Amino acid sequence: IKRAVMTMSADAPVGYRDAIIRAARIAHLELAELIAEPVAAALALDLHTQNIDRNIVVCDFGGGTFDVSVVAQRGLRFTPIAIGGDHYLGGDDLDDALASAISGAIYKRARYDISTNPGRWTELVLRCESAKRQLSTQSETPLAMKDAYPLEGVRTDLRVSIDRPYAERAWAPIMARVHAVIEN
């Protein structure tokens, strides 16, 4: 690889942009273009194949942050014109919310709070992250965890099927925050 197109946060300061350019030079890459992440998202969706004028809202739900950008498309040119977000909201919050919902169901069944066991809790959150990813393309996905909790003194496996409505109920408070950020 000799040439590269690189992305950066839409609200990255000038120094950050300069650091990326220097890093490309150090890596012996010719930087063909440095574009804002929301513009990269618009390009990835083939929006550049339509020679029109419009404004596009791009939502980026990262692991720990939620970014919203308004990108102006003027013909085949894309320019970020507004940037916002919530630096205390992200995909990790969705994983935690789904894990909390499942933890609540376990507690109702076995009177065991899985969140008090750091190892079990971490595994549950990771499995919820995987389920979240599956639910982006499927309407339902299995979630299984060996020896998840004790039931009447016996280690019991967790085997549940997570569907979108269940996940959406768990995520409702987070989505309310997302909508508030978008509307502002």
# chains A, B, ... in the order shown; residues from 1 in each chain; ligands from 1

call {"tool": "residues_around", "arguments": {"residues": "stretch 81-89 of chain A", "least_positions_apart": "2", "cutoff": "7 Å", "atoms": "only C-alpha atoms", "output": "PDB file with N, CA and C atoms, in the first residue's frame"}}
result
ATOM      1  N   ASP A  11     -14.875  16.934  14.257  1.00  0.00           N
ATOM      2  CA  ASP A  11     -14.549  18.073  15.120  1.00  0.00           C
ATOM      3  C   ASP A  11     -13.092  18.037  15.609  1.00  0.00           C
ATOM      4  N   GLY A  64     -17.847   4.430  22.913  1.00  0.00           N
ATOM      5  CA  GLY A  64     -18.072   5.257  24.089  1.00  0.00           C
ATOM      6  C   GLY A  64     -18.622   6.631  23.793  1.00  0.00           C
ATOM      7  N   THR A  65     -18.858   6.955  22.528  1.00  0.00           N
ATOM      8  CA  THR A  65     -19.389   8.282  22.194  1.00  0.00           C
ATOM      9  C   THR A  65     -20.471   8.169  21.134  1.00  0.00           C
ATOM     10  N   PHE A  66     -21.314   9.177  21.090  1.00  0.00           N
ATOM     11  CA  PHE A  66     -22.349   9.288  20.068  1.00  0.00           C
ATOM     12  C   PHE A  66     -22.144  10.627  19.378  1.00  0.00           C
ATOM     13  N   ASP A  67     -21.839  10.579  18.089  1.00  0.00           N
ATOM     14  CA  ASP A  67     -21.598  11.793  17.317  1.00  0.00           C
ATOM     15  C   ASP A  67     -22.692  11.960  16.274  1.00  0.00           C
ATOM     16  N   VAL A  68     -23.136  13.214  16.100  1.00  0.00           N
ATOM     17  CA  VAL A  68     -24.124  13.553  15.082  1.00  0.00           C
ATOM     18  C   VAL A  68     -23.536  14.672  14.248  1.00  0.00           C
ATOM     19  N   SER A  69     -23.601  14.506  12.937  1.00  0.00           N
ATOM     20  CA  SER A  69     -23.112  15.540  12.025  1.00  0.00           C
ATOM     21  C   SER A  69     -24.149  15.778  10.949  1.00  0.00           C
ATOM     22  N   VAL A  70     -24.271  17.028  10.553  1.00  0.00           N
ATOM     23  CA  VAL A  70     -25.062  17.353   9.373  1.00  0.00           C
ATOM     24  C   VAL A  70     -24.050  17.600   8.268  1.00  0.00           C
ATOM     25  N   VAL A  71     -24.207  16.865   7.186  1.00  0.00           N
ATOM     26  CA  VAL A  71     -23.296  16.963   6.050  1.00  0.00           C
ATOM     27  C   VAL A  71     -24.078  17.542   4.878  1.00  0.00           C
ATOM     28  N   ALA A  72     -23.551  18.602   4.299  1.00  0.00           N
ATOM     29  CA  ALA A  72     -24.172  19.190   3.113  1.00  0.00           C
ATOM     30  C   ALA A  72     -23.612  18.494   1.884  1.00  0.00           C
ATOM     31  N   THR A  79     -19.643  18.338   2.674  1.00  0.00           N
ATOM     32  CA  THR A  79     -19.006  19.194   3.660  1.00  0.00           C
ATOM     33  C   THR A  79     -19.765  19.104   4.980  1.00  0.00           C
ATOM     34  N   ASP A  93     -23.036   1.546  26.100  1.00  0.00           N
ATOM     35  CA  ASP A  93     -24.238   1.730  26.921  1.00  0.00           C
ATOM     36  C   ASP A  93     -25.354   0.786  26.475  1.00  0.00           C
ATOM     37  N   VAL A 181     -30.316  14.400  21.461  1.00  0.00           N
ATOM     38  CA  VAL A 181     -29.081  14.932  20.855  1.00  0.00           C
ATOM     39  C   VAL A 181     -29.339  15.303  19.396  1.00  0.00           C
TER      40      VAL A 181
END

call {"tool": "residues_around", "arguments": {"residues": "A:Val5", "least_positions_apart": "4", "cutoff": "12 Å", "atoms": "only C-alpha atoms", "output": "list of chain:residue names"}}
result
A:Ile1, A:Ile20, A:Ile21, A:Ala24, A:Leu29, A:Glu30, A:Leu31, A:Ala32, A:Glu33, A:Leu34, A:Ile35, A:Ala36, A:Glu37, A:Ala40

call {"tool": "write_last_selection", "arguments": {"atoms": "C-alpha atoms", "output": "CSV table (one decimal), in the first residue's frame"}}
result
chain,number,residue,atom,x,y,z
A,1,ILE,CA,0.0,0.0,0.0
A,20,ILE,CA,-2.5,12.4,11.0
A,21,ILE,CA,-0.6,13.9,8.1
A,24,ALA,CA,1.1,9.1,7.2
A,29,LEU,CA,2.1,6.6,2.8
A,30,GLU,CA,1.0,9.2,0.3
A,31,LEU,CA,-2.1,10.7,1.8
A,32,ALA,CA,-4.5,11.0,-1.1
A,33,GLU,CA,-7.2,12.6,1.0
A,34,LEU,CA,-8.0,13.3,4.6
A,35,ILE,CA,-11.8,13.3,5.1
A,36,ALA,CA,-14.1,13.7,8.0
A,37,GLU,CA,-15.7,10.5,9.3
A,40,ALA,CA,-16.7,8.8,4.8

call {"tool": "residues_around", "arguments": {"residues": "stretch 110-123 of chain A", "least_positions_apart": "4", "cutoff": "9 Å", "atoms": "only C-alpha atoms", "output": "list in words"}}
result
Ala99, Ser100, Ser103, Gly104, Ala105, Ile106, Arg127, Cys128, Met145, Asp147, Ala148, Tyr149, Pro150, Leu151 and Glu152 of chain A

call {"tool": "closest_atom_pairs", "arguments": {"of": "stretch 34-142 of chain A", "to": "stretch 157-180 of chain A", "cutoff": "6 Å", "atoms": "only C-alpha atoms", "output": "Markdown table"}}
result
| residue | atom | partner | partner_atom | distance |
| --- | --- | --- | --- | --- |
| A:Ala97 | CA | A:Ala170 | CA | 5.8 |
| A:Leu98 | CA | A:Ala170 | CA | 5.6 |
| A:Ser139 | CA | A:Arg164 | CA | 5.6 |
| A:Glu140 | CA | A:Asp163 | CA | 4.1 |
| A:Thr141 | CA | A:Ile162 | CA | 5.4 |
| A:Pro142 | CA | A:Ser161 | CA | 4.3 |

call {"tool": "write_last_selection", "arguments": {"atoms": "N, CA and C atoms", "output": "short mmCIF file (atom, residue, chain, number, x, y, z; two decimals), in the first residue's frame"}}
result
data_model
loop_
_atom_site.label_atom_id
_atom_site.label_comp_id
_atom_site.auth_asym_id
_atom_site.auth_seq_id
_atom_site.Cartn_x
_atom_site.Cartn_y
_atom_site.Cartn_z
N ALA A 97 -27.05 -1.99 28.88
CA ALA A 97 -28.50 -1.98 29.09
C ALA A 97 -29.10 -3.35 28.80
N LEU A 98 -28.65 -3.99 27.73
CA LEU A 98 -29.15 -5.32 27.40
C LEU A 98 -28.71 -6.32 28.47
N SER A 139 -33.63 -10.51 13.00
CA SER A 139 -34.69 -10.09 13.91
C SER A 139 -34.59 -10.78 15.26
N GLU A 140 -33.77 -11.82 15.36
CA GLU A 140 -33.64 -12.58 16.60
C GLU A 140 -32.28 -13.27 16.60
N THR A 141 -31.71 -13.43 17.80
CA THR A 141 -30.41 -14.11 17.91
C THR A 141 -30.33 -14.84 19.25
N PRO A 142 -29.65 -15.98 19.27
CA PRO A 142 -29.48 -16.69 20.54
C PRO A 142 -28.37 -16.06 21.38
#

call {"tool": "select_by_dssp", "arguments": {"residues": "stretch 25-115 of chain A", "states": "strand (DSSP E)", "output": "PyMOL selection string"}}
result
chain A and resi 30-36+52-61+66-75+77-86

call {"tool": "closest_residue", "arguments": {"among": "A:Ala42, A:Ala10, A:Val57, A:Ile26", "to": "A:Glu183", "atoms": "only C-alpha atoms"}}
result
A:Val57

call {"tool": "atom_distance", "arguments": {"atom1": "atom CA of A:Gln73", "atom2": "atom CA of A:Leu47"}}
result
8.8 Å

call {"tool": "residues_around", "arguments": {"residues": "A:Lys132", "least_positions_apart": "4", "cutoff": "8 Å", "atoms": "only C-alpha atoms", "output": "list of chain:residue names"}}
result
A:Leu94, A:Asp95, A:Cys128, A:Ser136

call {"tool": "decode", "arguments": {"residues": "stretch 56-75 of chain A", "atoms": "N, CA and C atoms", "output": "mmCIF file, in the first residue's frame"}}
result
data_model
loop_
_atom_site.group_PDB
_atom_site.id
_atom_site.type_symbol
_atom_site.label_atom_id
_atom_site.label_comp_id
_atom_site.auth_asym_id
_atom_site.auth_seq_id
_atom_site.Cartn_x
_atom_site.Cartn_y
_atom_site.Cartn_z
ATOM 1 N N ILE A 56 -27.628 15.854 4.911
ATOM 2 C CA ILE A 56 -27.710 14.483 5.405
ATOM 3 C C ILE A 56 -27.324 14.494 6.880
ATOM 4 N N VAL A 57 -28.085 13.811 7.713
ATOM 5 C CA VAL A 57 -27.728 13.652 9.123
ATOM 6 C C VAL A 57 -27.020 12.312 9.264
ATOM 7 N N VAL A 58 -25.797 12.354 9.777
ATOM 8 C CA VAL A 58 -24.996 11.143 9.967
ATOM 9 C C VAL A 58 -24.838 10.917 11.465
ATOM 10 N N CYS A 59 -25.278 9.751 11.933
ATOM 11 C CA CYS A 59 -25.155 9.387 13.342
ATOM 12 C C CYS A 59 -24.084 8.314 13.474
ATOM 13 N N ASP A 60 -23.150 8.538 14.369
ATOM 14 C CA ASP A 60 -22.032 7.621 14.588
ATOM 15 C C ASP A 60 -22.078 7.170 16.044
ATOM 16 N N PHE A 61 -22.529 5.936 16.231
ATOM 17 C CA PHE A 61 -22.621 5.365 17.570
ATOM 18 C C PHE A 61 -21.354 4.570 17.829
ATOM 19 N N GLY A 62 -20.323 5.238 18.331
ATOM 20 C CA GLY A 62 -19.073 4.564 18.646
ATOM 21 C C GLY A 62 -19.197 3.786 19.937
ATOM 22 N N GLY A 63 -18.105 3.190 20.361
ATOM 23 C CA GLY A 63 -18.120 2.417 21.599
ATOM 24 C C GLY A 63 -18.483 3.261 22.807
ATOM 25 N N GLY A 64 -17.847 4.430 22.913
ATOM 26 C CA GLY A 64 -18.072 5.257 24.089
ATOM 27 C C GLY A 64 -18.622 6.631 23.793
ATOM 28 N N THR A 65 -18.858 6.955 22.528
ATOM 29 C CA THR A 65 -19.389 8.282 22.194
ATOM 30 C C THR A 65 -20.471 8.169 21.134
ATOM 31 N N PHE A 66 -21.314 9.177 21.090
ATOM 32 C CA PHE A 66 -22.349 9.288 20.068
ATOM 33 C C PHE A 66 -22.144 10.627 19.378
ATOM 34 N N ASP A 67 -21.839 10.579 18.089
ATOM 35 C CA ASP A 67 -21.598 11.793 17.317
ATOM 36 C C ASP A 67 -22.692 11.960 16.274
ATOM 37 N N VAL A 68 -23.136 13.214 16.100
ATOM 38 C CA VAL A 68 -24.124 13.553 15.082
ATOM 39 C C VAL A 68 -23.536 14.672 14.248
ATOM 40 N N SER A 69 -23.601 14.506 12.937
ATOM 41 C CA SER A 69 -23.112 15.540 12.025
ATOM 42 C C SER A 69 -24.149 15.778 10.949
ATOM 43 N N VAL A 70 -24.271 17.028 10.553
ATOM 44 C CA VAL A 70 -25.062 17.353 9.373
ATOM 45 C C VAL A 70 -24.050 17.600 8.268
ATOM 46 N N VAL A 71 -24.207 16.865 7.186
ATOM 47 C CA VAL A 71 -23.296 16.963 6.050
ATOM 48 C C VAL A 71 -24.078 17.542 4.878
ATOM 49 N N ALA A 72 -23.551 18.602 4.299
ATOM 50 C CA ALA A 72 -24.172 19.190 3.113
ATOM 51 C C ALA A 72 -23.612 18.494 1.884
ATOM 52 N N GLN A 73 -24.510 17.974 1.066
ATOM 53 C CA GLN A 73 -24.098 17.435 -0.228
ATOM 54 C C GLN A 73 -24.511 18.451 -1.280
ATOM 55 N N ARG A 74 -23.538 18.945 -1.999
ATOM 56 C CA ARG A 74 -23.778 19.881 -3.095
ATOM 57 C C ARG A 74 -23.171 19.246 -4.331
ATOM 58 N N GLY A 75 -24.021 18.628 -5.111
ATOM 59 C CA GLY A 75 -23.531 17.875 -6.259
ATOM 60 C C GLY A 75 -22.791 16.651 -5.768
#
